[in-house]
>>> print(open('final-v5.txt').read())   # compact mmCIF, C-alpha atoms
# COMPACT_ATOMS: atom_id res chain seq x y z
CA MET A 154 0.00 0.00 0.00
CA ALA A 155 1.67 3.15 -1.21
CA THR A 156 0.72 6.30 0.66
CA ALA A 157 2.61 9.57 0.67
CA ILE A 158 2.50 13.11 2.01
CA LEU A 159 3.76 16.19 0.20
CA ASP A 160 4.71 19.31 2.11
CA LYS A 161 4.91 22.93 1.04
CA ILE A 162 3.11 22.58 -2.29
CA ARG A 163 0.27 24.86 -3.30
CA VAL A 164 -2.13 24.48 -6.23
CA ALA A 165 -1.74 27.93 -7.77
CA GLY A 166 -4.15 27.52 -10.65
CA LEU A 167 -6.13 25.28 -12.93
CA VAL A 168 -7.43 25.81 -16.49
CA SER A 169 -9.52 23.38 -18.55
CA CYS A 170 -10.10 23.39 -22.30
CA VAL A 171 -12.47 21.40 -24.53
CA PRO A 172 -13.19 21.44 -28.26
CA ARG A 173 -16.18 23.55 -29.27
CA LYS A 174 -17.74 20.71 -31.27
CA VAL A 175 -20.62 19.03 -29.37
CA VAL A 176 -21.73 15.49 -30.20
CA SER A 177 -24.97 14.17 -28.71
CA ASN A 178 -25.58 10.55 -27.83
CA LEU A 179 -29.24 11.19 -28.67
CA ASP A 180 -28.42 12.22 -32.23
CA CYS A 181 -29.77 9.12 -33.96
CA PRO A 182 -32.57 7.90 -36.26
CA PRO A 183 -36.03 7.98 -34.58
CA GLU A 184 -36.20 4.16 -34.38
CA LYS A 185 -33.04 4.14 -32.27
CA ARG A 186 -34.25 6.87 -29.89
CA ALA A 187 -35.57 4.65 -27.08
CA GLU A 188 -32.44 2.49 -27.10
CA ARG A 189 -30.28 5.61 -26.99
CA GLU A 190 -32.28 7.12 -24.12
CA ARG A 191 -31.71 3.93 -22.15
CA LEU A 192 -27.98 4.19 -22.87
CA VAL A 193 -27.85 7.85 -21.78
CA ARG A 194 -29.82 7.08 -18.62
CA ASN A 195 -27.43 4.31 -17.61
CA ILE A 196 -24.04 5.74 -18.58
CA GLY A 197 -25.14 9.26 -17.64
CA ILE A 198 -23.60 10.82 -20.76
CA GLN A 199 -25.73 12.92 -23.11
CA THR A 200 -23.22 15.10 -24.91
CA ARG A 201 -19.48 15.05 -25.44
CA ARG A 202 -16.92 17.46 -26.84
CA VAL A 203 -14.96 16.05 -29.72
CA CYS A 204 -11.81 17.25 -31.49
CA ASP A 205 -11.91 18.06 -35.18
CA ALA A 206 -9.77 15.91 -37.47
CA GLY A 207 -6.19 17.04 -37.10
CA GLN A 208 -6.76 18.56 -33.67
CA ALA A 209 -4.55 16.88 -31.07
CA PHE A 210 -4.67 16.79 -27.27
CA SER A 211 -1.73 19.18 -27.17
CA ASP A 212 -3.69 21.72 -29.25
CA LEU A 213 -6.22 21.90 -26.39
CA ALA A 214 -3.49 21.92 -23.75
CA LEU A 215 -1.67 24.85 -25.35
CA PRO A 216 -4.33 27.57 -24.76
CA ALA A 217 -5.03 26.12 -21.31
CA ALA A 218 -1.37 26.48 -20.35
CA GLU A 219 -1.06 29.93 -21.93
CA LYS A 220 -4.09 31.18 -20.01
CA LEU A 221 -2.75 29.65 -16.81
CA ILE A 222 0.64 31.32 -17.15
CA SER A 223 -0.80 34.73 -18.02
CA GLY A 224 -3.56 34.50 -15.39
CA LEU A 225 -1.03 33.73 -12.67
CA ASP A 226 1.26 36.43 -14.03
CA TRP A 227 4.13 33.92 -13.98
CA LYS A 228 7.29 34.75 -15.91
CA LYS A 229 8.03 31.96 -18.36
CA GLU A 230 11.66 31.78 -17.24
CA ASP A 231 10.47 31.02 -13.70
CA ILE A 232 8.75 27.78 -14.76
CA ASP A 233 11.13 24.96 -13.85
CA VAL A 234 9.07 21.88 -14.76
CA LEU A 235 6.58 20.99 -17.50
CA LEU A 236 4.95 17.56 -17.29
CA VAL A 237 2.40 16.04 -19.65
CA VAL A 238 0.13 13.21 -18.52
CA THR A 239 -1.48 11.73 -21.63
CA GLN A 240 -2.02 8.59 -23.66
CA SER A 241 -2.60 10.60 -26.81
CA PRO A 242 0.81 12.15 -27.43
CA ASP A 243 1.62 14.06 -30.59
CA TYR A 244 4.02 11.28 -31.68
CA PRO A 245 5.16 7.91 -30.32
CA ILE A 246 8.47 9.73 -29.81
CA PRO A 247 9.55 12.35 -28.80
CA ALA A 248 7.68 13.21 -25.61
CA THR A 249 4.92 15.81 -26.07
CA ALA A 250 6.09 17.75 -22.98
CA ILE A 251 9.35 18.64 -24.73
CA ILE A 252 7.52 19.88 -27.83
CA MET A 253 5.25 21.90 -25.54
CA GLN A 254 8.28 23.57 -23.89
CA ASP A 255 8.98 25.15 -27.25
CA ARG A 256 5.35 25.87 -28.19
CA LEU A 257 4.81 27.63 -24.86
CA GLY A 258 8.05 29.58 -25.20
CA LEU A 259 9.43 28.22 -21.94
CA SER A 260 13.12 28.35 -21.11
CA LYS A 261 15.48 25.66 -22.43
CA SER A 262 16.37 25.00 -18.81
CA THR A 263 12.85 23.57 -18.28
CA LEU A 264 12.69 19.97 -17.07
CA ALA A 265 10.07 18.28 -19.29
CA PHE A 266 8.79 14.74 -19.79
CA ASP A 267 5.61 12.71 -20.35
CA ILE A 268 3.81 10.32 -18.03
CA ASN A 269 1.89 7.54 -19.78
CA LEU A 270 -1.28 7.23 -17.70
CA GLY A 271 -4.97 7.57 -18.47
CA CYS A 272 -7.92 7.85 -16.12
CA SER A 273 -5.81 7.60 -12.95
CA GLY A 274 -3.38 10.23 -14.20
CA TYR A 275 -4.38 13.45 -12.46
CA PRO A 276 -3.36 12.56 -8.90
CA TYR A 277 -0.17 10.99 -10.30
CA GLY A 278 0.63 14.19 -12.19
CA LEU A 279 0.12 16.28 -9.05
CA PHE A 280 2.27 13.90 -7.02
CA VAL A 281 5.18 13.68 -9.45
CA LEU A 282 5.27 17.43 -10.03
CA GLY A 283 4.70 18.21 -6.34
CA SER A 284 7.51 15.81 -5.34
CA MET A 285 9.91 17.62 -7.65
CA LEU A 286 9.02 21.02 -6.21
CA SER A 287 8.66 20.19 -2.52
CA GLY A 288 12.43 20.36 -1.95
CA GLY A 289 12.20 24.05 -2.72
CA ARG A 290 15.04 24.18 -5.27
CA MET A 291 12.70 24.03 -8.24
CA ARG A 292 9.74 26.21 -7.30
CA ARG A 293 7.17 26.40 -10.09
CA GLY A 294 5.79 23.79 -12.44
CA ILE A 295 2.88 22.99 -14.73
CA VAL A 296 1.29 19.64 -15.46
CA LEU A 297 -0.82 19.25 -18.61
CA VAL A 298 -3.32 16.42 -18.21
CA GLY A 299 -5.84 14.94 -20.60
CA ASP A 300 -6.50 12.96 -23.72
CA LYS A 301 -8.05 12.97 -27.12
CA SER A 302 -9.97 9.74 -26.60
CA SER A 303 -12.77 10.20 -29.12
CA ASN A 304 -12.54 8.08 -32.25
CA PRO A 305 -15.45 8.96 -34.57
CA GLU A 306 -14.41 6.19 -37.00
CA SER A 307 -14.84 3.48 -34.38
CA HIS A 308 -17.52 0.81 -34.90
CA ASP A 309 -17.75 0.21 -31.14
CA ASN A 310 -20.96 1.86 -29.93
CA GLY A 311 -19.96 1.55 -26.29
CA LEU A 312 -16.73 3.40 -26.97
CA LEU A 313 -18.36 5.95 -29.27
CA SER A 314 -20.87 7.05 -26.65
CA LEU A 315 -18.40 7.25 -23.78
CA PHE A 316 -15.41 9.46 -24.50
CA GLY A 317 -15.04 13.21 -24.73
CA ASP A 318 -11.85 15.15 -25.40
CA ALA A 319 -10.36 17.61 -22.92
CA ALA A 320 -7.08 19.06 -21.74
CA THR A 321 -6.20 20.75 -18.47
CA ALA A 322 -3.26 22.72 -17.13
CA THR A 323 -2.51 22.79 -13.40
CA ALA A 324 0.11 24.99 -11.78
CA LEU A 325 1.88 23.96 -8.58
CA GLU A 326 4.34 26.06 -6.63
CA PHE A 327 6.58 25.72 -3.61
CA HIS A 328 4.91 27.54 -0.74
CA GLU A 329 6.37 27.45 2.77
CA SER A 330 3.03 27.43 4.60
CA ALA A 331 0.93 25.32 2.20
CA PRO A 332 -1.12 22.54 3.86
CA GLN A 333 -0.02 18.95 3.34
CA MET A 334 -1.21 16.95 0.35
CA ARG A 335 -1.96 13.28 1.06
CA PHE A 336 -1.84 10.53 -1.55
CA HIS A 337 -2.69 6.86 -1.97
CA PHE A 338 -1.65 4.82 -5.01
CA GLY A 339 -2.34 1.42 -6.54
CA SER A 340 -1.37 -0.62 -9.60
CA ASP A 341 -2.57 -4.00 -10.85
CA GLY A 342 -0.88 -5.00 -14.08
CA SER A 343 -2.69 -8.35 -14.10
CA GLY A 344 -5.63 -6.41 -15.53
CA TYR A 345 -3.67 -4.79 -18.36
CA LYS A 346 -5.98 -6.23 -21.02
CA ALA A 347 -9.09 -4.54 -19.59
CA ILE A 348 -8.32 -1.33 -21.52
CA ILE A 349 -5.81 -1.82 -24.29
CA ILE A 350 -4.70 -0.75 -27.75
CA PRO A 351 -3.15 -4.06 -28.73
CA ALA A 352 -1.13 -3.21 -31.84
CA GLY A 353 1.54 -0.66 -32.62
CA GLY A 354 3.91 -1.17 -29.70
CA GLN A 355 6.89 -3.51 -29.40
CA ARG A 356 4.80 -6.51 -28.26
CA ILE A 357 2.64 -6.54 -31.39
CA PRO A 358 4.39 -4.38 -34.00
CA MET A 359 2.18 -2.69 -36.56
CA GLN A 360 1.41 -4.74 -39.65
CA ALA A 361 -0.81 -4.00 -42.64
CA HIS A 362 -3.71 -6.10 -41.32
CA HIS A 363 -3.90 -3.99 -38.14
CA LEU A 364 -5.37 -1.21 -40.28
CA GLU A 365 -8.29 -3.41 -41.35
CA ARG A 366 -11.41 -3.72 -39.24
CA LEU A 367 -11.79 -7.35 -38.19
CA PRO A 368 -14.57 -8.76 -35.98
CA GLY A 369 -13.50 -9.57 -32.41
CA GLU A 370 -14.86 -12.22 -30.04
CA ASP A 371 -17.59 -9.79 -29.01
CA GLY A 372 -18.71 -9.32 -32.63
CA ILE A 373 -17.46 -5.71 -32.79
CA SER A 374 -15.14 -4.90 -35.70
CA ARG A 375 -11.97 -3.09 -34.71
CA LYS A 376 -8.61 -2.12 -36.11
CA GLY A 377 -5.56 -3.35 -34.22
CA THR A 378 -4.94 0.25 -33.23
CA ASP A 379 -8.42 0.78 -31.72
CA VAL A 380 -9.01 0.74 -27.97
CA ILE A 381 -10.62 -2.43 -26.62
CA LEU A 382 -12.63 -1.95 -23.41
CA ASP A 383 -13.66 -4.91 -21.28
CA GLY A 384 -16.67 -3.27 -19.62
CA PRO A 385 -17.39 -5.89 -16.93
CA ALA A 386 -13.69 -6.12 -15.95
CA ILE A 387 -13.40 -2.32 -15.66
CA LEU A 388 -16.61 -2.14 -13.65
CA ASN A 389 -15.50 -4.85 -11.24
CA PHE A 390 -12.05 -3.29 -10.86
CA SER A 391 -13.47 0.17 -10.16
CA ILE A 392 -16.03 -0.84 -7.57
CA ARG A 393 -13.57 -3.26 -5.93
CA GLU A 394 -10.56 -0.95 -5.61
CA VAL A 395 -11.76 2.65 -5.40
CA PRO A 396 -13.98 2.62 -2.27
CA PRO A 397 -11.32 0.95 -0.05
CA ALA A 398 -8.62 3.22 -1.51
CA VAL A 399 -10.65 6.28 -0.50
CA THR A 400 -11.36 4.80 2.94
CA THR A 401 -7.66 3.99 3.45
CA LEU A 402 -6.60 7.49 2.42
CA LEU A 403 -9.12 9.06 4.79
CA ALA A 404 -8.04 6.76 7.62
CA SER A 405 -4.41 7.78 7.09
CA SER A 406 -5.41 11.45 7.32
CA PRO A 407 -6.74 13.53 10.22
CA TYR A 408 -10.07 13.89 8.38
CA THR A 409 -13.38 12.10 8.40
CA ALA A 410 -15.52 11.99 5.25
CA GLU A 411 -17.64 14.77 6.80
CA ALA A 412 -14.58 17.05 6.88
CA ILE A 413 -14.12 16.74 3.11
CA ASP A 414 -15.98 19.42 1.14
CA TYR A 415 -16.00 17.56 -2.19
CA PHE A 416 -15.17 14.11 -3.51
CA VAL A 417 -14.16 14.44 -7.15
CA PHE A 418 -13.92 11.08 -8.88
CA HIS A 419 -12.71 10.24 -12.34
CA GLN A 420 -15.80 10.42 -14.54
CA ALA A 421 -15.99 6.85 -15.85
CA ASN A 422 -19.70 6.36 -16.40
CA ARG A 423 -22.78 6.83 -14.24
CA MET A 424 -23.08 3.17 -13.23
CA ILE A 425 -19.51 3.01 -11.95
CA ASN A 426 -19.54 6.44 -10.32
CA GLU A 427 -22.87 5.94 -8.59
CA THR A 428 -21.85 2.53 -7.28
CA ILE A 429 -18.64 3.99 -5.83
CA ARG A 430 -20.57 6.88 -4.28
CA LYS A 431 -23.16 4.57 -2.70
CA LYS A 432 -20.53 2.16 -1.38
CA LEU A 433 -18.81 5.07 0.35
CA GLY A 434 -22.13 6.44 1.62
CA LEU A 435 -21.44 9.91 0.23
CA PRO A 436 -24.21 12.48 -0.36
CA GLU A 437 -24.77 13.49 -4.01
CA ALA A 438 -24.19 17.16 -3.15
CA LYS A 439 -20.57 16.40 -2.26
CA VAL A 440 -19.86 14.35 -5.38
CA PRO A 441 -19.99 16.59 -8.48
CA SER A 442 -20.26 15.11 -11.98
CA SER A 443 -19.47 16.40 -15.44
CA LEU A 444 -20.49 13.18 -17.20
CA HIS A 445 -23.81 14.41 -18.59
CA ASP A 446 -22.32 17.24 -20.64
CA PHE A 447 -18.74 16.12 -21.28
CA GLY A 448 -18.62 12.31 -21.01
CA ASN A 449 -15.58 10.39 -19.86
CA THR A 450 -12.71 12.81 -20.39
CA SER A 451 -10.01 10.36 -19.25
CA SER A 452 -7.32 11.90 -17.02
CA ALA A 453 -8.80 15.39 -17.51
CA SER A 454 -12.09 14.43 -15.89
CA ILE A 455 -11.15 15.39 -12.30
CA PRO A 456 -9.86 18.92 -13.05
CA MET A 457 -12.60 19.36 -15.71
CA THR A 458 -15.25 18.57 -13.11
CA MET A 459 -13.73 21.11 -10.74
CA THR A 460 -13.77 23.75 -13.49
CA VAL A 461 -17.33 23.20 -14.69
CA ARG A 462 -19.04 22.17 -11.44
CA LEU A 463 -17.09 23.62 -8.50
CA ARG A 464 -15.59 26.84 -9.82
CA GLU A 465 -17.71 29.28 -7.83
CA SER A 466 -17.40 27.28 -4.64
CA LEU A 467 -13.64 26.86 -4.96
CA LEU A 468 -13.23 30.59 -5.57
CA SER A 469 -15.35 31.47 -2.54
CA GLY A 470 -12.92 30.21 0.08
CA PRO A 471 -10.57 27.38 1.11
CA LYS A 472 -11.96 23.91 0.35
CA ARG A 473 -10.75 20.41 1.18
CA VAL A 474 -11.13 18.11 -1.82
CA LEU A 475 -10.58 14.37 -2.13
CA MET A 476 -9.84 13.27 -5.70
CA SER A 477 -9.69 9.73 -7.02
CA GLY A 478 -8.67 8.57 -10.50
CA PHE A 479 -8.87 4.97 -11.70
CA GLY A 480 -8.68 3.04 -14.95
CA VAL A 481 -6.31 1.88 -17.68
CA GLY A 482 -3.30 0.00 -16.33
CA LEU A 483 -5.00 -1.01 -14.19
CA SER A 484 -4.01 1.97 -12.09
CA TRP A 485 -5.57 4.11 -9.41
CA ALA A 486 -4.61 7.06 -7.23
CA SER A 487 -6.34 9.28 -4.72
CA CYS A 488 -5.36 12.44 -2.90
CA ILE A 489 -6.62 14.98 -0.39
CA LEU A 490 -5.78 18.60 -1.16
CA GLU A 491 -6.64 21.89 0.42
CA LEU A 492 -7.48 24.31 -2.36
CA ASP A 493 -7.21 27.92 -1.28
CA ARG A 494 -8.78 30.04 -3.99
CA PRO A 495 -6.56 28.97 -6.92
CA TYR A 496 -6.64 30.82 -10.23
CA LEU A 497 -9.60 29.03 -11.82
CA PRO A 498 -11.08 30.70 -14.91
CA GLU A 499 -14.12 29.46 -16.81
CA LEU A 500 -13.81 26.58 -19.25
CA ILE A 501 -12.06 27.43 -22.54
CA GLU A 502 -13.97 26.23 -25.63
CA LEU A 503 -11.66 26.02 -28.59
CA MET B 293 -31.93 -16.50 1.59
CA SER B 294 -32.97 -14.61 -1.50
CA SER B 295 -36.10 -15.59 -3.37
CA ILE B 296 -36.19 -15.89 -7.14
CA GLU B 297 -39.16 -13.49 -7.13
CA SER B 298 -37.18 -10.66 -5.54
CA PHE B 299 -34.22 -11.54 -7.75
CA ILE B 300 -36.35 -11.19 -10.89
CA SER B 301 -37.52 -7.80 -9.65
CA ASN B 302 -33.91 -6.70 -9.09
CA PHE B 303 -32.90 -8.13 -12.46
CA THR B 304 -35.68 -6.26 -14.26
CA THR B 305 -34.64 -2.98 -12.66
CA ALA B 306 -30.96 -3.59 -13.41
CA VAL B 307 -31.53 -4.33 -17.11
CA ASP B 308 -33.72 -1.20 -17.41
CA PHE B 309 -36.13 -2.63 -20.01
CA GLN B 310 -37.65 -0.07 -22.34
CA ASP B 311 -40.64 -2.30 -23.01
CA ALA B 312 -42.31 -4.30 -20.26
CA VAL B 313 -41.44 -7.99 -20.46
CA GLU B 314 -42.62 -10.89 -18.34
CA ILE B 315 -39.65 -12.69 -16.88
CA LYS B 316 -39.77 -16.11 -15.25
CA ALA B 317 -37.07 -18.40 -13.91
CA GLY B 318 -37.04 -20.30 -17.19
CA THR B 319 -36.86 -17.23 -19.46
CA ARG B 320 -33.89 -17.52 -21.76
CA LEU B 321 -31.53 -14.53 -21.81
CA ALA B 322 -31.16 -14.88 -25.57
CA ASP B 323 -34.90 -14.25 -25.93
CA LEU B 324 -34.67 -10.85 -24.18
CA ALA B 325 -34.22 -8.19 -26.82
CA GLU B 326 -32.50 -5.85 -24.38
CA TRP B 327 -30.06 -8.36 -22.91
CA ASP B 328 -26.92 -6.57 -24.10
CA SER B 329 -23.56 -5.39 -22.78
CA LEU B 330 -25.21 -2.46 -20.97
CA ALA B 331 -27.67 -4.83 -19.28
CA ALA B 332 -24.78 -7.08 -18.21
CA LEU B 333 -23.09 -4.13 -16.49
CA GLY B 334 -26.32 -3.27 -14.67
CA VAL B 335 -26.67 -6.87 -13.49
CA ILE B 336 -23.03 -6.99 -12.28
CA VAL B 337 -23.65 -3.84 -10.21
CA MET B 338 -26.91 -5.31 -8.90
CA PHE B 339 -25.12 -8.51 -7.77
CA ASP B 340 -22.51 -6.44 -5.94
CA MET B 341 -24.89 -4.01 -4.27
CA GLU B 342 -27.84 -6.31 -3.50
CA TYR B 343 -26.10 -9.60 -2.80
CA GLY B 344 -22.49 -8.67 -2.04
CA VAL B 345 -21.35 -11.01 -4.80
CA THR B 346 -18.84 -10.27 -7.56
CA ILE B 347 -19.62 -11.87 -10.91
CA THR B 348 -17.72 -11.51 -14.18
CA GLY B 349 -18.77 -11.03 -17.77
CA ASN B 350 -17.87 -14.67 -18.40
CA ASP B 351 -20.10 -15.84 -15.53
CA LEU B 352 -23.01 -14.19 -17.34
CA LYS B 353 -21.97 -15.55 -20.74
CA ASP B 354 -22.20 -19.06 -19.27
CA CYS B 355 -25.83 -18.51 -18.24
CA SER B 356 -28.65 -19.41 -20.60
CA ALA B 357 -31.76 -18.82 -18.43
CA ILE B 358 -32.68 -16.44 -15.60
CA GLN B 359 -32.49 -19.37 -13.16
CA ASP B 360 -28.79 -19.80 -14.07
CA VAL B 361 -28.16 -16.13 -13.27
CA PHE B 362 -29.99 -16.48 -9.94
CA ASP B 363 -27.96 -19.60 -9.11
CA LEU B 364 -24.76 -17.55 -9.36
CA ILE B 365 -25.60 -16.04 -5.96
CA ALA B 366 -25.39 -19.35 -4.12
CA LYS B 367 -22.53 -20.58 -6.32
CA LYS B 368 -20.40 -17.49 -5.62
CA LYS B 369 -21.27 -17.33 -1.94
CA GLY B 370 -20.79 -21.08 -1.48
>>> encode(input="final-v5.txt", output="structure tokens")
Amino acid sequence: MATAILDKIRVAGLVSCVPRKVVSNLDCPPEKRAERERLVRNIGIQTRRVCDAGQAFSDLALPAAEKLISGLDWKKEDIDVLLVVTQSPDYPIPATAIIMQDRLGLSKSTLAFDINLGCSGYPYGLFVLGSMLSGGRMRRGIVLVGDKSSNPESHDNGLLSLFGDAATATALEFHESAPQMRFHFGSDGSGYKAIIIPAGGQRIPMQAHHLERLPGEDGISRKGTDVILDGPAILNFSIREVPPAVTTLLASSPYTAEAIDYFVFHQANRMINETIRKKLGLPEAKVPSSLHDFGNTSSASIPMTMTVRLRESLLSGPKRVLMSGFGVGLSWASCILELDRPYLPELIEL
Amino acid sequence: MSSIESFISNFTTAVDFQDAVEIKAGTRLADLAEWDSLAALGVIVMFDMEYGVTITGNDLKDCSAIQDVFDLIAKKKG
């Protein structure tokens, strides 16, 4: 059981960005309407934001980071670290973070690299960046978190109705009197097949037939480079691991669940999120959701939910927030942060 | 001990049928138009929340009738 505490790190700001293009899960022929309504009711997702062809995750992250830097009035030469948490990099190599150093006009002395995580990625991004800054020698850093997960060409209806695209930029800084951040982590590689793009890596190198759609065991036709989701396995993993992880993190902290203002979970789908909420006995008012309007936005879903659902509250005064991300890997991570009126502008629509 | 009657009620809610269907212990899953991947997820959640039992997608694939799904409770608890 990995738990950790970070000292002297403050969340200075957070900016979220989505594509302007809205896709509705109810946009279908009339004869499909009832079936679609049932889907929306159960997964909790009505609309999603989807990138245009040629628009990458980093194209959403760029304006988010620019707004963050200008809103905080940070000098670019004072930014020591730039991390990117994504599974939709610009290229297999090099790392997107290094390209973003140049696109953002940051100093060549910036430390930059990518972290390959999906839905669990936000707490990991905060922890890795916070760990680098908590010594006080490097003092300011930004972590860009999110994915372009939509794939309009997919033939997998489950996948098509689930994912929205989003990017977020979060600024952390060394701050002598900042409250502690508390973390809990977990990994279970035995479940690596539950969410996987099988072809294109070293294990199954890309071949011509991977670009053809072939029917799988479940009858859905996919390319070798398409994501395969094992819904029941993901569901069982999420409801098995997340509630005890949250309970363990709380028990290792001085706080009861009542002392937490908000519980912000990765936005997987309504069934999973509601089951986790009920297992933890949390009131709906403390568990905000952005699923209905934005879908599952992968690693961006926690900061996105804070931007679109908690902005006014978080700007009104200090708040204690427990966040928990879980998914592809299988991987999960939770943290308790005290947010003291960070820079938190409205959602950017690009 | 759970009754098959209350199980069928839970099952019906979990599948979220658009059109009312009469379900009995012998009803075959393959005959239910809305028995799909979404329904399977709902039933897995229902097993966990109502019966404290974890079942997998493969457990459900091995079932042909409602009675087989109900029997998973005792089988998994046993």
>>> closest_residue(input="final-v5.txt", among="A:Gly197, A:Gly434, A:Pro385, A:Pro441", to="chain B", atoms="all atoms listed in the file")
A:Pro385
>>> residues_near_point(input="final-v5.txt", point="(0.0, 12.9, -13.9)", cutoff="7 Å", atoms="only C-alpha atoms", output="list in words")
Val237, Val238, Ile268, Leu270, Gly274, Tyr275, Pro276, Tyr277, Gly278, Leu279, Val281 and Val298 of chain A
>>> interface_residues(input="final-v5.txt", of="chain B", to="chain A", cutoff="8 Å", atoms="all atoms listed in the file", output="list of chain:residue names")
B:Asp308, B:Gln310, B:Ser329, B:Leu330, B:Ala332, B:Leu333, B:Gly334, B:Ile336, B:Val337, B:Met341, B:Thr346, B:Thr348, B:Gly349
>>> residues_around(input="final-v5.txt", residues="Ala352 (chain A)", least_positions_apart="4", cutoff="12 Å", atoms="all atoms listed in the file", output="list of chain:residue names")
A:Arg356, A:Ile357, A:Pro358, A:Met359, A:Gln360, A:Ala361, A:His362, A:His363, A:Leu364, A:Glu365, A:Arg375, A:Lys376, A:Gly377, A:Thr378, A:Asp379, A:Val380, A:Ile381
>>> atom_distance(input="final-v5.txt", atom1="CA of Cys181 (chain A)", atom2="CA of Gly448 (chain A)")
17.4 Å
>>> atom_distance(input="final-v5.txt", atom1="CA of Leu213 (chain A)", atom2="CA of Asp233 (chain A)")
21.6 Å
>>> atom_distance(input="final-v5.txt", atom1="CA of Ile198 (chain A)", atom2="CA of Leu315 (chain A)")
7.0 Å
>>> residues_around(input="final-v5.txt", residues="Trp227 (chain A)", least_positions_apart="3", cutoff="12 Å", atoms="only C-alpha atoms", output="NGL selection string")
:A and (165-166 or 218-224 or 230-233 or 259 or 292-295 or 324-326 or 496)
>>> closest_residue(input="final-v5.txt", among="A:Arg201, A:Arg163, A:Arg464, A:Arg173", to="Pro305 (chain A)", atoms="only C-alpha atoms")
A:Arg201
>>> closest_residue(input="final-v5.txt", among="B:Val307, B:Val345, B:Val313, B:Leu321", to="Ala357 (chain B)", atoms="all atoms listed in the file")
B:Leu321
